[in-house]
Structure formats: structure tokens, C-alpha cells
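Below: my_file-v6.txt (compact mmCIF, N, CA, C and O atoms)
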```txt
# COMPACT_ATOMS: atom_id res chain seq x y z
N LEU A 63 -18.15 -50.19 -82.90
CA LEU A 63 -19.48 -49.69 -83.14
C LEU A 63 -20.30 -49.61 -81.86
O LEU A 63 -21.06 -48.67 -81.68
N LYS A 64 -20.14 -50.58 -80.99
CA LYS A 64 -20.91 -50.60 -79.75
C LYS A 64 -20.60 -49.37 -78.89
O LYS A 64 -21.50 -48.79 -78.29
N LEU A 65 -19.35 -48.93 -78.87
CA LEU A 65 -19.00 -47.75 -78.08
C LEU A 65 -19.73 -46.51 -78.60
O LEU A 65 -20.13 -45.65 -77.82
N PHE A 66 -19.90 -46.41 -79.92
CA PHE A 66 -20.65 -45.29 -80.48
C PHE A 66 -22.11 -45.35 -80.06
O PHE A 66 -22.73 -44.32 -79.79
N GLU A 67 -22.67 -46.54 -80.00
CA GLU A 67 -24.06 -46.68 -79.54
C GLU A 67 -24.19 -46.20 -78.10
O GLU A 67 -25.14 -45.49 -77.76
N TYR A 68 -23.25 -46.59 -77.25
CA TYR A 68 -23.27 -46.11 -75.86
C TYR A 68 -23.14 -44.59 -75.83
O TYR A 68 -23.87 -43.90 -75.09
N ALA A 69 -22.23 -44.06 -76.63
CA ALA A 69 -21.98 -42.62 -76.64
C ALA A 69 -23.21 -41.86 -77.10
O ALA A 69 -23.60 -40.86 -76.49
N PHE A 70 -23.83 -42.29 -78.20
CA PHE A 70 -25.03 -41.61 -78.70
C PHE A 70 -26.17 -41.68 -77.69
O PHE A 70 -26.97 -40.76 -77.58
N ALA A 71 -26.23 -42.79 -76.93
CA ALA A 71 -27.27 -42.95 -75.92
C ALA A 71 -26.94 -42.23 -74.62
O ALA A 71 -27.77 -42.17 -73.73
N GLY A 72 -25.73 -41.68 -74.52
CA GLY A 72 -25.33 -40.99 -73.30
C GLY A 72 -25.04 -41.94 -72.15
O GLY A 72 -25.26 -41.59 -70.98
N ILE A 73 -24.56 -43.13 -72.47
CA ILE A 73 -24.24 -44.11 -71.44
C ILE A 73 -22.73 -44.09 -71.20
O ILE A 73 -21.96 -44.30 -72.13
N PRO A 74 -22.31 -43.79 -69.97
CA PRO A 74 -20.86 -43.81 -69.69
C PRO A 74 -20.32 -45.23 -69.89
O PRO A 74 -21.00 -46.20 -69.58
N PHE A 75 -19.11 -45.32 -70.42
CA PHE A 75 -18.57 -46.65 -70.71
C PHE A 75 -17.09 -46.74 -70.39
O PHE A 75 -16.40 -45.74 -70.25
N ILE A 76 -16.66 -47.99 -70.28
CA ILE A 76 -15.27 -48.34 -70.05
C ILE A 76 -14.80 -49.03 -71.32
O ILE A 76 -15.46 -49.93 -71.83
N ALA A 77 -13.67 -48.58 -71.86
CA ALA A 77 -13.21 -49.06 -73.17
C ALA A 77 -11.79 -49.61 -73.09
O ALA A 77 -11.02 -49.22 -72.22
N PRO A 78 -11.45 -50.47 -74.03
CA PRO A 78 -10.06 -50.94 -74.10
C PRO A 78 -9.16 -49.82 -74.62
O PRO A 78 -9.62 -48.94 -75.35
N ASP A 79 -7.91 -49.86 -74.26
CA ASP A 79 -6.99 -48.81 -74.71
C ASP A 79 -6.32 -49.16 -76.04
O ASP A 79 -5.13 -48.95 -76.24
N SER A 80 -7.14 -49.64 -76.98
CA SER A 80 -6.62 -49.96 -78.31
C SER A 80 -6.33 -48.67 -79.08
O SER A 80 -6.88 -47.61 -78.76
N LYS A 81 -5.48 -48.78 -80.08
CA LYS A 81 -5.11 -47.59 -80.86
C LYS A 81 -6.33 -46.92 -81.48
O LYS A 81 -6.44 -45.69 -81.48
N THR A 82 -7.25 -47.71 -81.99
CA THR A 82 -8.44 -47.16 -82.63
C THR A 82 -9.29 -46.39 -81.63
O THR A 82 -9.69 -45.25 -81.88
N VAL A 83 -9.57 -47.00 -80.50
CA VAL A 83 -10.40 -46.35 -79.48
C VAL A 83 -9.70 -45.11 -78.93
O VAL A 83 -10.32 -44.06 -78.77
N LEU A 84 -8.40 -45.22 -78.70
CA LEU A 84 -7.65 -44.06 -78.20
C LEU A 84 -7.66 -42.90 -79.19
O LEU A 84 -7.61 -41.74 -78.78
N SER A 85 -7.74 -43.21 -80.47
CA SER A 85 -7.74 -42.15 -81.48
C SER A 85 -9.10 -41.44 -81.58
O SER A 85 -9.20 -40.37 -82.17
N ILE A 86 -10.12 -42.02 -80.97
CA ILE A 86 -11.48 -41.45 -81.07
C ILE A 86 -11.91 -40.81 -79.76
O ILE A 86 -12.38 -39.67 -79.74
N PHE A 87 -11.79 -41.55 -78.67
CA PHE A 87 -12.30 -41.09 -77.37
C PHE A 87 -11.16 -40.71 -76.44
O PHE A 87 -10.15 -41.38 -76.37
N GLU A 88 -11.37 -39.63 -75.68
CA GLU A 88 -10.36 -39.16 -74.73
C GLU A 88 -10.58 -39.77 -73.35
O GLU A 88 -11.68 -39.71 -72.80
N ASP A 89 -9.50 -40.34 -72.82
CA ASP A 89 -9.54 -40.92 -71.48
C ASP A 89 -9.84 -39.84 -70.45
O ASP A 89 -9.32 -38.73 -70.51
N LYS A 90 -10.73 -40.19 -69.54
CA LYS A 90 -11.13 -39.31 -68.43
C LYS A 90 -11.87 -38.06 -68.88
O LYS A 90 -12.14 -37.16 -68.09
N LYS A 91 -12.24 -37.99 -70.16
CA LYS A 91 -13.11 -36.92 -70.64
C LYS A 91 -14.38 -37.54 -71.22
O LYS A 91 -15.48 -37.08 -70.92
N HIS A 92 -14.20 -38.58 -72.04
CA HIS A 92 -15.34 -39.24 -72.67
C HIS A 92 -15.66 -40.58 -72.01
O HIS A 92 -16.80 -41.04 -72.06
N CYS A 93 -14.65 -41.22 -71.45
CA CYS A 93 -14.82 -42.56 -70.89
C CYS A 93 -13.63 -42.88 -69.99
O CYS A 93 -12.77 -42.04 -69.79
N LEU A 94 -13.62 -44.09 -69.48
CA LEU A 94 -12.47 -44.60 -68.75
C LEU A 94 -11.90 -45.77 -69.55
O LEU A 94 -12.64 -46.46 -70.25
N TYR A 95 -10.60 -45.99 -69.45
CA TYR A 95 -9.94 -47.03 -70.22
C TYR A 95 -9.46 -48.18 -69.35
O TYR A 95 -9.10 -47.99 -68.19
N VAL A 96 -9.44 -49.36 -69.96
CA VAL A 96 -8.80 -50.53 -69.40
C VAL A 96 -7.48 -50.67 -70.12
O VAL A 96 -7.43 -50.73 -71.34
N GLU A 97 -6.41 -50.68 -69.36
CA GLU A 97 -5.07 -50.79 -69.94
C GLU A 97 -4.73 -52.25 -70.18
O GLU A 97 -4.86 -53.08 -69.29
N GLY A 98 -4.28 -52.54 -71.40
CA GLY A 98 -3.95 -53.90 -71.78
C GLY A 98 -2.89 -54.54 -70.91
O GLY A 98 -2.90 -55.74 -70.66
N ALA A 99 -1.96 -53.75 -70.41
CA ALA A 99 -0.87 -54.28 -69.59
C ALA A 99 -1.35 -54.77 -68.23
O ALA A 99 -0.73 -55.64 -67.62
N ASP A 100 -2.45 -54.21 -67.73
CA ASP A 100 -2.97 -54.59 -66.41
C ASP A 100 -4.49 -54.54 -66.44
O ASP A 100 -5.12 -53.76 -65.74
N GLU A 101 -5.07 -55.40 -67.27
CA GLU A 101 -6.51 -55.37 -67.51
C GLU A 101 -7.35 -55.54 -66.25
O GLU A 101 -8.30 -54.78 -66.04
N GLU A 102 -7.02 -56.50 -65.45
CA GLU A 102 -7.85 -56.79 -64.28
C GLU A 102 -7.90 -55.62 -63.31
O GLU A 102 -8.98 -55.19 -62.87
N ALA A 103 -6.76 -55.07 -62.97
CA ALA A 103 -6.71 -53.96 -62.01
C ALA A 103 -7.35 -52.70 -62.57
O ALA A 103 -8.09 -52.01 -61.87
N THR A 104 -7.05 -52.38 -63.84
CA THR A 104 -7.62 -51.14 -64.39
C THR A 104 -9.12 -51.26 -64.63
O THR A 104 -9.84 -50.28 -64.48
N LEU A 105 -9.60 -52.47 -64.97
CA LEU A 105 -11.05 -52.67 -65.09
C LEU A 105 -11.71 -52.50 -63.74
O LEU A 105 -12.72 -51.80 -63.61
N PHE A 106 -11.15 -53.11 -62.71
CA PHE A 106 -11.70 -52.98 -61.37
C PHE A 106 -11.73 -51.50 -60.95
O PHE A 106 -12.74 -51.01 -60.44
N ASN A 107 -10.63 -50.78 -61.18
CA ASN A 107 -10.57 -49.36 -60.80
C ASN A 107 -11.60 -48.54 -61.56
O ASN A 107 -12.24 -47.64 -60.99
N ALA A 108 -11.76 -48.81 -62.85
CA ALA A 108 -12.73 -48.07 -63.65
C ALA A 108 -14.16 -48.34 -63.17
O ALA A 108 -14.96 -47.42 -63.02
N LEU A 109 -14.46 -49.61 -62.92
CA LEU A 109 -15.80 -49.96 -62.41
C LEU A 109 -16.07 -49.30 -61.06
O LEU A 109 -17.14 -48.75 -60.83
N GLU A 110 -15.08 -49.37 -60.19
CA GLU A 110 -15.22 -48.76 -58.87
C GLU A 110 -15.40 -47.24 -58.98
O GLU A 110 -16.25 -46.66 -58.30
N THR A 111 -14.63 -46.63 -59.86
CA THR A 111 -14.72 -45.17 -60.04
C THR A 111 -16.12 -44.78 -60.50
O THR A 111 -16.74 -43.87 -59.94
N TYR A 112 -16.63 -45.45 -61.52
CA TYR A 112 -17.98 -45.11 -62.00
C TYR A 112 -19.05 -45.45 -60.95
O TYR A 112 -20.01 -44.70 -60.79
N TYR A 113 -18.87 -46.55 -60.24
CA TYR A 113 -19.84 -46.93 -59.21
C TYR A 113 -19.93 -45.88 -58.10
O TYR A 113 -21.02 -45.52 -57.66
N LEU A 114 -18.78 -45.36 -57.69
CA LEU A 114 -18.74 -44.44 -56.56
C LEU A 114 -18.96 -42.97 -56.94
O LEU A 114 -19.26 -42.15 -56.07
N ASP A 115 -18.81 -42.63 -58.20
CA ASP A 115 -18.82 -41.22 -58.60
C ASP A 115 -19.91 -40.92 -59.64
O ASP A 115 -19.67 -40.89 -60.84
N ALA A 116 -21.11 -40.66 -59.14
CA ALA A 116 -22.24 -40.38 -60.02
C ALA A 116 -22.01 -39.11 -60.84
O ALA A 116 -22.42 -39.02 -62.00
N ALA A 117 -21.34 -38.12 -60.26
CA ALA A 117 -21.07 -36.87 -60.98
C ALA A 117 -20.15 -37.13 -62.17
O ALA A 117 -20.35 -36.54 -63.25
N LEU A 118 -19.17 -37.99 -62.00
CA LEU A 118 -18.27 -38.32 -63.11
C LEU A 118 -19.02 -39.08 -64.20
O LEU A 118 -18.82 -38.82 -65.39
N ARG A 119 -19.88 -40.01 -63.80
CA ARG A 119 -20.70 -40.73 -64.79
C ARG A 119 -21.52 -39.74 -65.60
O ARG A 119 -21.57 -39.82 -66.82
N GLU A 120 -22.12 -38.80 -64.93
CA GLU A 120 -22.94 -37.79 -65.61
C GLU A 120 -22.09 -36.91 -66.51
O GLU A 120 -22.47 -36.60 -67.65
N GLU A 121 -20.94 -36.49 -66.04
CA GLU A 121 -20.03 -35.65 -66.82
C GLU A 121 -19.58 -36.37 -68.10
O GLU A 121 -19.63 -35.81 -69.19
N HIS A 122 -19.15 -37.61 -67.96
CA HIS A 122 -18.72 -38.39 -69.13
C HIS A 122 -19.89 -38.62 -70.08
O HIS A 122 -19.73 -38.55 -71.30
N SER A 123 -21.04 -38.89 -69.53
CA SER A 123 -22.24 -39.10 -70.35
C SER A 123 -22.53 -37.88 -71.21
O SER A 123 -22.75 -38.00 -72.43
N LEU A 124 -22.50 -36.71 -70.61
CA LEU A 124 -22.78 -35.47 -71.35
C LEU A 124 -21.68 -35.16 -72.35
O LEU A 124 -21.96 -34.78 -73.50
N GLU A 125 -20.43 -35.30 -71.93
CA GLU A 125 -19.30 -34.98 -72.81
C GLU A 125 -19.26 -35.88 -74.04
O GLU A 125 -19.08 -35.41 -75.15
N VAL A 126 -19.40 -37.19 -73.83
CA VAL A 126 -19.28 -38.10 -74.96
C VAL A 126 -20.48 -37.98 -75.89
O VAL A 126 -20.35 -38.06 -77.11
N SER A 127 -21.65 -37.75 -75.32
CA SER A 127 -22.83 -37.58 -76.16
C SER A 127 -22.71 -36.33 -77.03
O SER A 127 -22.98 -36.35 -78.24
N LYS A 128 -22.27 -35.25 -76.42
CA LYS A 128 -22.06 -34.01 -77.17
C LYS A 128 -21.01 -34.20 -78.26
O LYS A 128 -21.19 -33.77 -79.40
N TYR A 129 -19.93 -34.87 -77.92
CA TYR A 129 -18.83 -35.11 -78.85
C TYR A 129 -19.29 -35.91 -80.08
O TYR A 129 -19.06 -35.50 -81.20
N VAL A 130 -19.95 -37.05 -79.86
CA VAL A 130 -20.34 -37.87 -81.01
C VAL A 130 -21.44 -37.21 -81.82
O VAL A 130 -21.48 -37.35 -83.04
N ASN A 131 -22.33 -36.50 -81.16
CA ASN A 131 -23.39 -35.82 -81.92
C ASN A 131 -22.85 -34.67 -82.75
O ASN A 131 -23.40 -34.37 -83.81
N ASN A 132 -21.78 -34.05 -82.31
CA ASN A 132 -21.16 -32.97 -83.09
C ASN A 132 -20.22 -33.48 -84.16
O ASN A 132 -20.10 -32.88 -85.23
N ASP A 133 -19.51 -34.58 -83.89
CA ASP A 133 -18.46 -35.04 -84.81
C ASP A 133 -18.79 -36.30 -85.60
O ASP A 133 -18.12 -36.59 -86.59
N TYR A 134 -19.79 -37.06 -85.18
CA TYR A 134 -20.07 -38.34 -85.82
C TYR A 134 -21.55 -38.56 -86.12
O TYR A 134 -21.98 -39.70 -86.29
N SER A 135 -22.31 -37.51 -86.22
CA SER A 135 -23.75 -37.68 -86.45
C SER A 135 -24.02 -38.17 -87.88
O SER A 135 -23.18 -38.06 -88.78
N LEU A 136 -25.21 -38.70 -88.09
CA LEU A 136 -25.61 -39.13 -89.43
C LEU A 136 -25.57 -37.97 -90.42
O LEU A 136 -25.21 -38.16 -91.58
N GLU A 137 -25.93 -36.81 -89.96
CA GLU A 137 -25.90 -35.61 -90.82
C GLU A 137 -24.49 -35.35 -91.33
O GLU A 137 -24.27 -35.07 -92.51
N ILE A 138 -23.52 -35.45 -90.47
CA ILE A 138 -22.12 -35.22 -90.86
C ILE A 138 -21.67 -36.29 -91.85
O ILE A 138 -21.05 -35.98 -92.87
N TYR A 139 -21.99 -37.55 -91.56
CA TYR A 139 -21.62 -38.62 -92.50
C TYR A 139 -22.30 -38.45 -93.85
O TYR A 139 -21.69 -38.65 -94.89
N ARG A 140 -23.57 -38.10 -93.83
CA ARG A 140 -24.30 -37.89 -95.08
C ARG A 140 -23.66 -36.78 -95.90
O ARG A 140 -23.42 -36.92 -97.09
N ASN A 141 -23.36 -35.66 -95.26
CA ASN A 141 -22.74 -34.54 -95.97
C ASN A 141 -21.37 -34.91 -96.51
O ASN A 141 -21.02 -34.54 -97.63
N SER A 142 -20.61 -35.67 -95.74
CA SER A 142 -19.29 -36.13 -96.22
C SER A 142 -19.44 -37.04 -97.43
O SER A 142 -18.68 -36.94 -98.39
N LEU A 143 -20.40 -37.92 -97.38
CA LEU A 143 -20.63 -38.82 -98.50
C LEU A 143 -21.05 -38.05 -99.74
O LEU A 143 -20.55 -38.31 -100.84
N PHE A 144 -21.94 -37.08 -99.59
CA PHE A 144 -22.35 -36.26 -100.73
C PHE A 144 -21.17 -35.51 -101.33
O PHE A 144 -21.02 -35.44 -102.55
N ARG A 145 -20.32 -34.96 -100.47
CA ARG A 145 -19.13 -34.25 -100.97
C ARG A 145 -18.20 -35.20 -101.70
O ARG A 145 -17.68 -34.89 -102.78
N PHE A 146 -18.00 -36.38 -101.15
CA PHE A 146 -17.14 -37.37 -101.78
C PHE A 146 -17.69 -37.76 -103.16
O PHE A 146 -16.95 -37.83 -104.15
N LEU A 147 -18.99 -38.03 -103.23
CA LEU A 147 -19.60 -38.42 -104.50
C LEU A 147 -19.55 -37.29 -105.51
O LEU A 147 -19.31 -37.52 -106.70
N ALA A 148 -19.76 -36.07 -105.07
CA ALA A 148 -19.71 -34.92 -105.97
C ALA A 148 -18.29 -34.71 -106.50
O ALA A 148 -18.10 -34.41 -107.67
N ASP A 149 -17.29 -34.92 -105.64
CA ASP A 149 -15.90 -34.73 -106.05
C ASP A 149 -15.42 -35.84 -106.98
O ASP A 149 -14.52 -35.61 -107.80
N SER A 150 -16.01 -37.01 -106.90
CA SER A 150 -15.55 -38.14 -107.72
C SER A 150 -16.17 -38.13 -109.11
O SER A 150 -15.76 -38.91 -109.96
N ASN A 151 -17.11 -37.25 -109.36
CA ASN A 151 -17.72 -37.17 -110.70
C ASN A 151 -17.00 -36.22 -111.56
O ASN A 151 -16.40 -35.39 -111.58
```

In C-alpha cells, how does this file's structure come out?
Amino acid sequence: LKLFEYAFAGIPFIAPDSKTVLSIFEDKKHCLYVEGADEEATLFNALETYYLDAALREEHSLEVSKYVNNDYSLEIYRNSLFRFLADSN
């Protein structure tokens, strides 16, 4: 849930490479990932990358914000819920 809050706020973030997160956000398009096999090095590299590359931070911020607002907005969830409830009656 916290990653969605960052995304909706347009805050670039570094995420774990868990199956759930990987199924939602694209590496190097929406965020940067920390690989479980080498957490320390990949976290350091991701932090350094965002620290040194303001253009990348801005690009990820815009991409992820656009993505979640188009695919995960309250409007979309509300409409899905209404369709589900209508179909179950």
C-alpha cells in the first residue's frame, strides 16, 4: 500500500523485487528495485542512481503517477465494484 501512496504522490521510490511488486510496477520505468539476492549492493546502487540523476527521478515520478492514476484510481475501483455488485445480483 505504501508504494501506491508514493506513486499517487509522484514520489520516485525503490521497491523490493517481490513477486507482487514485480507484477505491478516495471523496473526502470516506474521505480528501481532492490534484488533479494544482493540487497545491500542493489539498494546502494538504486540510492546512488536516484541521488545523481534528477532527470530519472522526474521521469519515474511522472511515469508511475500516470500509471497508477490511469490503472488504479478510486474511480476505476468504484466502477469495478459497481460492476461486480451488479453482476452478483

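Atom pair atom CA of Ser123 of chain A / atom CA of Ala69 of chain A has a distance of 7.2 Å (rounded to one decimal).
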
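Atom pair atom N of Glu67 of chain A / atom N of Arg140 of chain A: separated by 16.2 Å.
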
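As for atom C of Pro74 of chain A and atom O of Glu137 of chain A, they are spaced 25.1 Å apart.
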
Sel. of alpha helix (DSSP H) residues, segment 77-112 of chain A, as a PyMOL selection string: chain A and resi 81-86+101-112

Shell around segment 102-106 of chain A at 10 Å using only C-alpha atoms, local window under 6 positions removed, as a ChimeraX atom specification: /A:76-78,94-96

Do a neighbour search on segment 112-121 of chain A at 6 Å with all atoms listed in the file, toss out local chain neighbours closer than 5 positions, and write the hits as a ChimeraX atom specification. /A:72,74,91,107,126

From A:Cys93, A:Lys64, A:Ile138, A:Thr82, residue lying nearest Glu125 of chain A [only N, CA, C and O atoms]: A:Cys93

Let's see if you can do this: from backbone DSSP, list all strand (DSSP E or B) residues in chain A, as a PyMOL selection string. chain A and resi 76-78+89+93-96

Which is closest to Phe66 of chain A among A:Ser142, A:His92, A:Val130, A:Ser150, if we use only N, CA, C and O atoms? A:Val130

Missing atoms of segment 119-130 of chain A rebuilt to all heavy atoms, written as a PDB file, keeping the file's coordinate frame:
```
ATOM      1  N   ARG A 119     -19.880 -40.010 -63.800  1.00  0.00           N
ATOM      2  CA  ARG A 119     -20.700 -40.730 -64.790  1.00  0.00           C
ATOM      3  C   ARG A 119     -21.520 -39.740 -65.600  1.00  0.00           C
ATOM      4  O   ARG A 119     -21.570 -39.820 -66.820  1.00  0.00           O
ATOM      5  CB  ARG A 119     -21.622 -41.738 -64.122  1.00  0.00           C
ATOM      6  CG  ARG A 119     -20.928 -42.936 -63.536  1.00  0.00           C
ATOM      7  CD  ARG A 119     -21.916 -44.041 -63.156  1.00  0.00           C
ATOM      8  NE  ARG A 119     -23.051 -43.604 -62.359  1.00  0.00           N
ATOM      9  CZ  ARG A 119     -23.083 -43.609 -61.031  1.00  0.00           C
ATOM     10  NH1 ARG A 119     -22.023 -44.011 -60.335  1.00  0.00           N
ATOM     11  NH2 ARG A 119     -24.174 -43.228 -60.395  1.00  0.00           N
ATOM     12  N   GLU A 120     -22.120 -38.800 -64.930  1.00  0.00           N
ATOM     13  CA  GLU A 120     -22.940 -37.790 -65.610  1.00  0.00           C
ATOM     14  C   GLU A 120     -22.090 -36.910 -66.510  1.00  0.00           C
ATOM     15  O   GLU A 120     -22.470 -36.600 -67.650  1.00  0.00           O
ATOM     16  CB  GLU A 120     -23.685 -36.946 -64.580  1.00  0.00           C
ATOM     17  CG  GLU A 120     -24.583 -35.879 -65.173  1.00  0.00           C
ATOM     18  CD  GLU A 120     -25.779 -36.438 -65.923  1.00  0.00           C
ATOM     19  OE1 GLU A 120     -26.144 -37.604 -65.720  1.00  0.00           O
ATOM     20  OE2 GLU A 120     -26.362 -35.694 -66.742  1.00  0.00           O
ATOM     21  N   GLU A 121     -20.940 -36.490 -66.040  1.00  0.00           N
ATOM     22  CA  GLU A 121     -20.030 -35.650 -66.820  1.00  0.00           C
ATOM     23  C   GLU A 121     -19.580 -36.370 -68.100  1.00  0.00           C
ATOM     24  O   GLU A 121     -19.630 -35.810 -69.190  1.00  0.00           O
ATOM     25  CB  GLU A 121     -18.809 -35.276 -65.980  1.00  0.00           C
ATOM     26  CG  GLU A 121     -17.786 -34.442 -66.706  1.00  0.00           C
ATOM     27  CD  GLU A 121     -16.545 -34.207 -65.854  1.00  0.00           C
ATOM     28  OE1 GLU A 121     -16.658 -34.177 -64.616  1.00  0.00           O
ATOM     29  OE2 GLU A 121     -15.465 -34.090 -66.447  1.00  0.00           O
ATOM     30  N   HIS A 122     -19.150 -37.610 -67.960  1.00  0.00           N
ATOM     31  CA  HIS A 122     -18.720 -38.390 -69.130  1.00  0.00           C
ATOM     32  C   HIS A 122     -19.890 -38.620 -70.080  1.00  0.00           C
ATOM     33  O   HIS A 122     -19.730 -38.550 -71.300  1.00  0.00           O
ATOM     34  CB  HIS A 122     -18.106 -39.715 -68.709  1.00  0.00           C
ATOM     35  CG  HIS A 122     -16.735 -39.579 -68.159  1.00  0.00           C
ATOM     36  ND1 HIS A 122     -15.965 -40.662 -67.810  1.00  0.00           N
ATOM     37  CD2 HIS A 122     -15.966 -38.496 -67.887  1.00  0.00           C
ATOM     38  CE1 HIS A 122     -14.798 -40.252 -67.356  1.00  0.00           C
ATOM     39  NE2 HIS A 122     -14.786 -38.928 -67.384  1.00  0.00           N
ATOM     40  N   SER A 123     -21.040 -38.890 -69.530  1.00  0.00           N
ATOM     41  CA  SER A 123     -22.240 -39.100 -70.350  1.00  0.00           C
ATOM     42  C   SER A 123     -22.530 -37.880 -71.210  1.00  0.00           C
ATOM     43  O   SER A 123     -22.750 -38.000 -72.430  1.00  0.00           O
ATOM     44  CB  SER A 123     -23.426 -39.400 -69.437  1.00  0.00           C
ATOM     45  OG  SER A 123     -24.617 -39.437 -70.167  1.00  0.00           O
ATOM     46  N   LEU A 124     -22.500 -36.710 -70.610  1.00  0.00           N
ATOM     47  CA  LEU A 124     -22.780 -35.470 -71.350  1.00  0.00           C
ATOM     48  C   LEU A 124     -21.680 -35.160 -72.350  1.00  0.00           C
ATOM     49  O   LEU A 124     -21.960 -34.780 -73.500  1.00  0.00           O
ATOM     50  CB  LEU A 124     -22.964 -34.311 -70.377  1.00  0.00           C
ATOM     51  CG  LEU A 124     -24.186 -34.380 -69.470  1.00  0.00           C
ATOM     52  CD1 LEU A 124     -24.147 -33.261 -68.433  1.00  0.00           C
ATOM     53  CD2 LEU A 124     -25.466 -34.322 -70.282  1.00  0.00           C
ATOM     54  N   GLU A 125     -20.430 -35.300 -71.930  1.00  0.00           N
ATOM     55  CA  GLU A 125     -19.300 -34.980 -72.810  1.00  0.00           C
ATOM     56  C   GLU A 125     -19.260 -35.880 -74.040  1.00  0.00           C
ATOM     57  O   GLU A 125     -19.080 -35.410 -75.150  1.00  0.00           O
ATOM     58  CB  GLU A 125     -17.973 -35.077 -72.057  1.00  0.00           C
ATOM     59  CG  GLU A 125     -17.691 -33.917 -71.154  1.00  0.00           C
ATOM     60  CD  GLU A 125     -17.484 -32.598 -71.892  1.00  0.00           C
ATOM     61  OE1 GLU A 125     -16.916 -32.610 -73.004  1.00  0.00           O
ATOM     62  OE2 GLU A 125     -17.902 -31.575 -71.351  1.00  0.00           O
ATOM     63  N   VAL A 126     -19.400 -37.190 -73.830  1.00  0.00           N
ATOM     64  CA  VAL A 126     -19.280 -38.100 -74.960  1.00  0.00           C
ATOM     65  C   VAL A 126     -20.480 -37.980 -75.890  1.00  0.00           C
ATOM     66  O   VAL A 126     -20.350 -38.060 -77.110  1.00  0.00           O
ATOM     67  CB  VAL A 126     -19.032 -39.559 -74.507  1.00  0.00           C
ATOM     68  CG1 VAL A 126     -20.297 -40.227 -73.984  1.00  0.00           C
ATOM     69  CG2 VAL A 126     -18.401 -40.364 -75.627  1.00  0.00           C
ATOM     70  N   SER A 127     -21.650 -37.750 -75.320  1.00  0.00           N
ATOM     71  CA  SER A 127     -22.830 -37.580 -76.160  1.00  0.00           C
ATOM     72  C   SER A 127     -22.710 -36.330 -77.030  1.00  0.00           C
ATOM     73  O   SER A 127     -22.980 -36.350 -78.240  1.00  0.00           O
ATOM     74  CB  SER A 127     -24.087 -37.493 -75.275  1.00  0.00           C
ATOM     75  OG  SER A 127     -25.221 -37.322 -76.062  1.00  0.00           O
ATOM     76  N   LYS A 128     -22.270 -35.250 -76.420  1.00  0.00           N
ATOM     77  CA  LYS A 128     -22.060 -34.010 -77.170  1.00  0.00           C
ATOM     78  C   LYS A 128     -21.010 -34.200 -78.260  1.00  0.00           C
ATOM     79  O   LYS A 128     -21.190 -33.770 -79.400  1.00  0.00           O
ATOM     80  CB  LYS A 128     -21.634 -32.893 -76.208  1.00  0.00           C
ATOM     81  CG  LYS A 128     -21.416 -31.547 -76.841  1.00  0.00           C
ATOM     82  CD  LYS A 128     -21.165 -30.459 -75.799  1.00  0.00           C
ATOM     83  CE  LYS A 128     -19.908 -30.734 -75.015  1.00  0.00           C
ATOM     84  NZ  LYS A 128     -19.537 -29.648 -74.100  1.00  0.00           N
ATOM     85  N   TYR A 129     -19.930 -34.870 -77.920  1.00  0.00           N
ATOM     86  CA  TYR A 129     -18.830 -35.110 -78.850  1.00  0.00           C
ATOM     87  C   TYR A 129     -19.290 -35.910 -80.080  1.00  0.00           C
ATOM     88  O   TYR A 129     -19.060 -35.500 -81.200  1.00  0.00           O
ATOM     89  CB  TYR A 129     -17.713 -35.835 -78.118  1.00  0.00           C
ATOM     90  CG  TYR A 129     -16.612 -36.375 -78.980  1.00  0.00           C
ATOM     91  CD1 TYR A 129     -15.783 -35.533 -79.707  1.00  0.00           C
ATOM     92  CD2 TYR A 129     -16.395 -37.744 -79.076  1.00  0.00           C
ATOM     93  CE1 TYR A 129     -14.754 -36.035 -80.500  1.00  0.00           C
ATOM     94  CE2 TYR A 129     -15.370 -38.256 -79.859  1.00  0.00           C
ATOM     95  CZ  TYR A 129     -14.564 -37.399 -80.567  1.00  0.00           C
ATOM     96  OH  TYR A 129     -13.554 -37.892 -81.356  1.00  0.00           O
ATOM     97  N   VAL A 130     -19.950 -37.050 -79.860  1.00  0.00           N
ATOM     98  CA  VAL A 130     -20.340 -37.870 -81.010  1.00  0.00           C
ATOM     99  C   VAL A 130     -21.440 -37.210 -81.820  1.00  0.00           C
ATOM    100  O   VAL A 130     -21.480 -37.350 -83.040  1.00  0.00           O
ATOM    101  CB  VAL A 130     -20.718 -39.316 -80.623  1.00  0.00           C
ATOM    102  CG1 VAL A 130     -19.528 -40.068 -80.095  1.00  0.00           C
ATOM    103  CG2 VAL A 130     -21.876 -39.366 -79.669  1.00  0.00           C
TER     104      VAL A 130
END
```
